[in-house]
Amino acid sequence: MAIAELVMPKLGESIMEATILKWHKKVGDHVTLDETVLDIATDKVDSEVPSTVEGVITEILYNVNDVVPIGTVIVRVETGTAQAAAPATPVAEPVPVAPVVPEPAPVVVPTPQPIAAPAPQPVAPPPPVQAPPPVTEVPYTPSAPMVELLSKPASNRFYSPLVLNIANSEGISLSELERIPGTGSDGRVSKKDILQYISDKKAGRVPAYQAAAPVYQQASPAPVQMAAPVTAPAPVAPAPVATAPIPEPVSTPAPTTVAPSVIETPAYQEPIVPVIPAPQPAPQSVAAVQPAPQPVVAQPAAQEPIKPASRFPEQQAAVYSAPVPPAPQAVYATASNKVSDPSGVQVTGATEIVEMDRMRKLIAKHMVDSKHTSPHVTSFAEADVTNMVLWRNKVKNEFEQREGTKLTFTPMFVECIANVIKRFPYINCSLDGDKIIVKKDINIGMATALPTGNLIVPVIKGADQMNIVGLSKAVNGLADAARNAKLKPEDTTGGTFTLTNVGTFGSLMGTPIINQPQVAILAVGAIKKRPMVMEGPDGDTIAIRHMMYLSLSYDHRIVDGSIGASFLTEVAKEFEKWDINKRWFHYL
């Protein structure tokens, strides 16, 4: 028996450790090749760790939530155990089968025909006895998952690259994947879950679950059917009598029962209207106590002929009598649910405690570590991006038709930044102790907000090697993958510089935190129209221009103020020099 060791895999060049989220196996369990053993998480993405061998787990060295360095042994597996147990089972089965076959043959030959006749009779009853068990098992198998598949789609759930690859190969769409119940951490779908779903789908059990989904659609007309039993007793009465005069009284109450149900709905939809004329029955008492509200009461008096609740005198009387005891402030507070008297404010002191999810904890730790590691300095600049705005508005429709992808400002910003980084190599580096590592590749990360509110930074590799078409495809592809939880570990590693667009959320500027181990990050604000003084050969003029603020945070250990401010100024100039007549399709 050999002992194999399963180690924590390497998930990226900058990832040095991972956190164990969940164990799918325990000591003594048998694992097959490529079967998921555990789920792990890094500050970039979550992933599943498959087994590299087949055998029985003999030792698990770490627990859930333990942080394990990359390359550390986490599981020991004993190989060859399953192969020894397999041949033992078939050896015992053929021994009893061999004598059973020849025994009935000699018995049938010497015996007369009347003896052979009863032999098939006892044999016939066993088949019908075996038929009912599978009938009871078939409805039981889909019953459990049928309830789970009817739940709300988990649109914010994370899917590992392994699960997404299996889904793509089997033709399972994202909407269908969101319906699959998960047994992983936070309801995540593991490899075992999707393989089980695929096997059920091939066996024909999944369509039964999907057909049960309309049950929720029938729940809305259910209350309408509940009103029908009110008239249901009517047909029960004519059944025993079977006479003509009975249906006539049945038709008479039918409209009376329907009429109040139809009228009740508008009565509840117009609660404010009866409240406004409420002081009308007792204006004298209100005027006697406090004459100030009299002009307010005069306004509802003008609307007196409307009286929408006059058809229900009992309800109207209750509404009139209700506002009399409280103070007049309660009448004014009814429409907006806000009081005009500070003494009527009620402070409950209620609070809600929400625990951070795992990704938010990692982001918080990453940001604090960055602040502790790098002395941050932030410089600001202003750029006139009018040429960028006009050029994009002119070509975006043709660009999308020709290239099949949308043209946004992000690839335009990335192209300008990559051109300037070539002139400032210290912006594109990292620090290792007292050594400066200058990166020759320009890999620009773009901060992307996820539907959950968290943040992730996919990286555009080789940004200086792509034109505006290639950058647009790369930006849109990474953004879609991030929002749909389809990013791979290599998509978030290797960045040398980061761009964050705080203007997407309406901010004019920001002070971003450096994404370690980088030394600089650029934030672009919202584009706003402002009157600006334009210098020309004939003097100064005032024009409406599209302006934007830029802010650069940089590590003062490597980048001084002169380099940081000069780089930021050159980026602003690069934005302003954008050619409004640029022919992007000539690059193809």
# chains A, B, ... in the order shown; residues from 1 in each chain; ligands from 1
$ residues_around --residues "A:Asp66" --least-positions-apart "5" --cutoff "9 Å" --atoms "only C-alpha atoms" --output "MDAnalysis selection string"
chainID A and resid 18:21
$ closest_atom_pairs --of "stretch 485-556 of chain A" --to "stretch 384-390 of chain A" --cutoff "9 Å" --atoms "only C-alpha atoms" --output "JSON lines"
{"residue": "A:Ile527", "atom": "CA", "partner": "A:Val385", "partner_atom": "CA", "distance": 7.9}
{"residue": "A:Arg545", "atom": "CA", "partner": "A:Thr386", "partner_atom": "CA", "distance": 5.9}
{"residue": "A:His546", "atom": "CA", "partner": "A:Thr386", "partner_atom": "CA", "distance": 4.7}
{"residue": "A:Met547", "atom": "CA", "partner": "A:Asp384", "partner_atom": "CA", "distance": 4.7}
{"residue": "A:Met548", "atom": "CA", "partner": "A:Asp384", "partner_atom": "CA", "distance": 6.5}
{"residue": "A:Tyr549", "atom": "CA", "partner": "A:Asp384", "partner_atom": "CA", "distance": 9.0}
$ select_by_dssp --residues "stretch 355-422 of chain A" --states "strand (DSSP E)" --output "JSON, numbers by chain"
{"A": [376, 377, 378, 379, 380, 381, 382, 383, 384]}
$ atom_distance --atom1 "atom CA of A:Leu450" --atom2 "atom CA of A:Arg483"
5.5 Å
$ closest_atom_pairs --of "stretch 405-472 of chain A" --to "stretch 552-565 of chain A" --cutoff "8 Å" --atoms "only C-alpha atoms" --output "tab-separated table"
residue	atom	partner	partner_atom	distance
A:Phe424	CA	A:Ile563	CA	7.8
A:Tyr426	CA	A:Val559	CA	6.9
A:Ile427	CA	A:Val559	CA	7.1
A:Leu431	CA	A:Ile558	CA	7.8
A:Ile436	CA	A:Ile558	CA	7.9
$ select_by_dssp --residues "stretch 311-535 of chain A" --states "helix (DSSP H, G or I)" --output "count of residues only"
98
$ atom_distance --atom1 "atom CA of A:Met446" --atom2 "atom CA of A:Leu478"
9.2 Å
$ residues_around --residues "A:Lys365" --least-positions-apart "4" --cutoff "12 Å" --atoms "only C-alpha atoms" --output "VMD selection string"
chain A and resid 42 to 43 356 358 to 361 369 to 373 515 to 516
$ residues_around --residues "stretch 69-82 of chain A" --least-positions-apart "4" --cutoff "12 Å" --atoms "only C-alpha atoms" --output "MDAnalysis selection string"
chainID A and resid 1:20 23 25:33 37:38 40:42 49:64 86:89
$ decode --residues "stretch 395-525 of chain A" --atoms "C-alpha atoms" --output "JSON list (two decimals), in the first residue's frame"
[["chain", "number", "residue", "atom", "x", "y", "z"],
["A", 395, "VAL", "CA", -18.20, 55.95, -33.79],
["A", 396, "LYS", "CA", -19.80, 53.86, -31.02],
["A", 397, "ASN", "CA", -22.71, 52.58, -33.14],
["A", 398, "GLU", "CA", -20.53, 51.58, -36.07],
["A", 399, "PHE", "CA", -17.96, 50.15, -33.66],
["A", 400, "GLU", "CA", -20.53, 47.85, -32.05],
["A", 401, "GLN", "CA", -21.93, 46.70, -35.40],
["A", 402, "ARG", "CA", -18.51, 45.95, -36.84],
["A", 403, "GLU", "CA", -16.81, 44.42, -33.79],
["A", 404, "GLY", "CA", -19.75, 42.94, -31.88],
["A", 405, "THR", "CA", -18.76, 44.65, -28.63],
["A", 406, "LYS", "CA", -19.58, 47.98, -27.03],
["A", 407, "LEU", "CA", -17.17, 50.91, -26.95],
["A", 408, "THR", "CA", -16.80, 52.38, -23.46],
["A", 409, "PHE", "CA", -14.42, 54.95, -22.03],
["A", 410, "THR", "CA", -12.39, 52.35, -20.09],
["A", 411, "PRO", "CA", -10.43, 50.95, -23.08],
["A", 412, "MET", "CA", -9.77, 54.51, -24.22],
["A", 413, "PHE", "CA", -8.34, 55.37, -20.80],
["A", 414, "VAL", "CA", -6.27, 52.17, -20.73],
["A", 415, "GLU", "CA", -4.72, 52.91, -24.13],
["A", 416, "CYS", "CA", -3.59, 56.38, -23.00],
["A", 417, "ILE", "CA", -2.28, 55.09, -19.64],
["A", 418, "ALA", "CA", -0.26, 52.32, -21.30],
["A", 419, "ASN", "CA", 1.39, 54.86, -23.61],
["A", 420, "VAL", "CA", 2.43, 57.05, -20.66],
["A", 421, "ILE", "CA", 3.66, 54.14, -18.50],
["A", 422, "LYS", "CA", 6.33, 53.44, -21.11],
["A", 423, "ARG", "CA", 7.84, 56.85, -20.32],
["A", 424, "PHE", "CA", 7.64, 56.34, -16.53],
["A", 425, "PRO", "CA", 8.93, 52.81, -15.76],
["A", 426, "TYR", "CA", 8.99, 53.34, -11.97],
["A", 427, "ILE", "CA", 5.20, 53.59, -12.01],
["A", 428, "ASN", "CA", 5.12, 50.02, -13.34],
["A", 429, "CYS", "CA", 7.15, 48.24, -10.65],
["A", 430, "SER", "CA", 6.99, 46.63, -7.20],
["A", 431, "LEU", "CA", 9.19, 46.60, -4.11],
["A", 432, "ASP", "CA", 10.82, 43.53, -2.56],
["A", 433, "GLY", "CA", 12.60, 44.60, 0.60],
["A", 434, "ASP", "CA", 15.14, 47.15, -0.59],
["A", 435, "LYS", "CA", 15.02, 45.99, -4.21],
["A", 436, "ILE", "CA", 12.92, 47.67, -6.92],
["A", 437, "ILE", "CA", 11.47, 45.18, -9.42],
["A", 438, "VAL", "CA", 10.68, 47.01, -12.66],
["A", 439, "LYS", "CA", 8.07, 45.12, -14.70],
["A", 440, "LYS", "CA", 8.58, 45.01, -18.46],
["A", 441, "ASP", "CA", 5.01, 43.87, -19.14],
["A", 442, "ILE", "CA", 2.24, 46.44, -18.79],
["A", 443, "ASN", "CA", -0.68, 44.59, -17.19],
["A", 444, "ILE", "CA", -3.37, 47.03, -16.15],
["A", 445, "GLY", "CA", -5.98, 45.93, -13.64],
["A", 446, "MET", "CA", -9.44, 47.48, -13.66],
["A", 447, "ALA", "CA", -11.46, 47.60, -10.45],
["A", 448, "THR", "CA", -14.90, 46.04, -11.07],
["A", 449, "ALA", "CA", -17.89, 46.17, -8.75],
["A", 450, "LEU", "CA", -19.74, 42.88, -8.29],
["A", 451, "PRO", "CA", -23.52, 42.52, -7.90],
["A", 452, "THR", "CA", -22.95, 41.65, -4.24],
["A", 453, "GLY", "CA", -21.32, 45.05, -3.63],
["A", 454, "ASN", "CA", -17.84, 43.58, -3.32],
["A", 455, "LEU", "CA", -14.88, 44.53, -5.50],
["A", 456, "ILE", "CA", -12.55, 42.51, -7.70],
["A", 457, "VAL", "CA", -9.70, 43.56, -10.01],
["A", 458, "PRO", "CA", -9.35, 41.53, -13.25],
["A", 459, "VAL", "CA", -6.16, 42.24, -15.16],
["A", 460, "ILE", "CA", -5.75, 43.22, -18.84],
["A", 461, "LYS", "CA", -2.54, 41.43, -19.80],
["A", 462, "GLY", "CA", -0.27, 43.17, -22.32],
["A", 463, "ALA", "CA", -2.37, 46.34, -22.50],
["A", 464, "ASP", "CA", 0.30, 48.16, -24.53],
["A", 465, "GLN", "CA", 0.17, 45.46, -27.25],
["A", 466, "MET", "CA", -3.55, 45.90, -28.12],
["A", 467, "ASN", "CA", -5.34, 48.56, -30.11],
["A", 468, "ILE", "CA", -8.69, 50.05, -29.13],
["A", 469, "VAL", "CA", -10.55, 47.06, -30.61],
["A", 470, "GLY", "CA", -8.53, 44.50, -28.65],
["A", 471, "LEU", "CA", -8.76, 46.54, -25.46],
["A", 472, "SER", "CA", -12.55, 46.84, -25.81],
["A", 473, "LYS", "CA", -12.92, 43.08, -26.20],
["A", 474, "ALA", "CA", -10.61, 42.43, -23.25],
["A", 475, "VAL", "CA", -12.34, 44.96, -20.98],
["A", 476, "ASN", "CA", -15.88, 43.81, -21.78],
["A", 477, "GLY", "CA", -14.94, 40.13, -21.55],
["A", 478, "LEU", "CA", -13.34, 40.49, -18.12],
["A", 479, "ALA", "CA", -16.17, 42.68, -16.83],
["A", 480, "ASP", "CA", -18.83, 40.17, -17.92],
["A", 481, "ALA", "CA", -16.84, 37.28, -16.44],
["A", 482, "ALA", "CA", -16.51, 39.14, -13.14],
["A", 483, "ARG", "CA", -20.23, 39.91, -12.88],
["A", 484, "ASN", "CA", -21.18, 36.32, -13.76],
["A", 485, "ALA", "CA", -18.57, 34.72, -11.44],
["A", 486, "LYS", "CA", -16.67, 33.18, -14.36],
["A", 487, "LEU", "CA", -13.24, 34.65, -13.66],
["A", 488, "LYS", "CA", -10.32, 32.26, -13.53],
["A", 489, "PRO", "CA", -7.49, 32.59, -10.98],
["A", 490, "GLU", "CA", -5.08, 33.77, -13.69],
["A", 491, "ASP", "CA", -7.50, 36.59, -14.64],
["A", 492, "THR", "CA", -6.84, 38.40, -11.35],
["A", 493, "THR", "CA", -3.07, 37.94, -11.05],
["A", 494, "GLY", "CA", -0.02, 39.59, -12.59],
["A", 495, "GLY", "CA", -1.24, 43.20, -12.50],
["A", 496, "THR", "CA", 1.40, 45.96, -12.58],
["A", 497, "PHE", "CA", -0.88, 49.04, -12.45],
["A", 498, "THR", "CA", -4.55, 49.58, -11.56],
["A", 499, "LEU", "CA", -7.27, 51.85, -12.93],
["A", 500, "THR", "CA", -10.48, 52.48, -10.98],
["A", 501, "ASN", "CA", -13.40, 54.45, -12.40],
["A", 502, "VAL", "CA", -15.07, 56.15, -9.43],
["A", 503, "GLY", "CA", -17.05, 58.31, -11.86],
["A", 504, "THR", "CA", -19.24, 55.31, -12.67],
["A", 505, "PHE", "CA", -21.05, 55.95, -9.37],
["A", 506, "GLY", "CA", -21.15, 59.74, -9.79],
["A", 507, "SER", "CA", -18.05, 60.67, -7.76],
["A", 508, "LEU", "CA", -15.99, 63.60, -9.04],
["A", 509, "MET", "CA", -12.75, 62.28, -7.55],
["A", 510, "GLY", "CA", -11.38, 59.80, -5.03],
["A", 511, "THR", "CA", -8.29, 58.77, -3.09],
["A", 512, "PRO", "CA", -7.83, 55.10, -4.04],
["A", 513, "ILE", "CA", -5.77, 52.61, -2.02],
["A", 514, "ILE", "CA", -2.84, 50.93, -3.76],
["A", 515, "ASN", "CA", -3.41, 47.35, -4.87],
["A", 516, "GLN", "CA", -0.40, 45.53, -3.44],
["A", 517, "PRO", "CA", 2.27, 44.68, -4.53],
["A", 518, "GLN", "CA", 1.86, 47.51, -7.07],
["A", 519, "VAL", "CA", 3.06, 51.04, -6.35],
["A", 520, "ALA", "CA", 0.38, 53.22, -7.99],
["A", 521, "ILE", "CA", -3.33, 53.35, -8.78],
["A", 522, "LEU", "CA", -5.22, 55.91, -10.89],
["A", 523, "ALA", "CA", -8.83, 56.97, -10.25],
["A", 524, "VAL", "CA", -10.91, 58.74, -12.91],
["A", 525, "GLY", "CA", -13.96, 60.75, -11.85]]
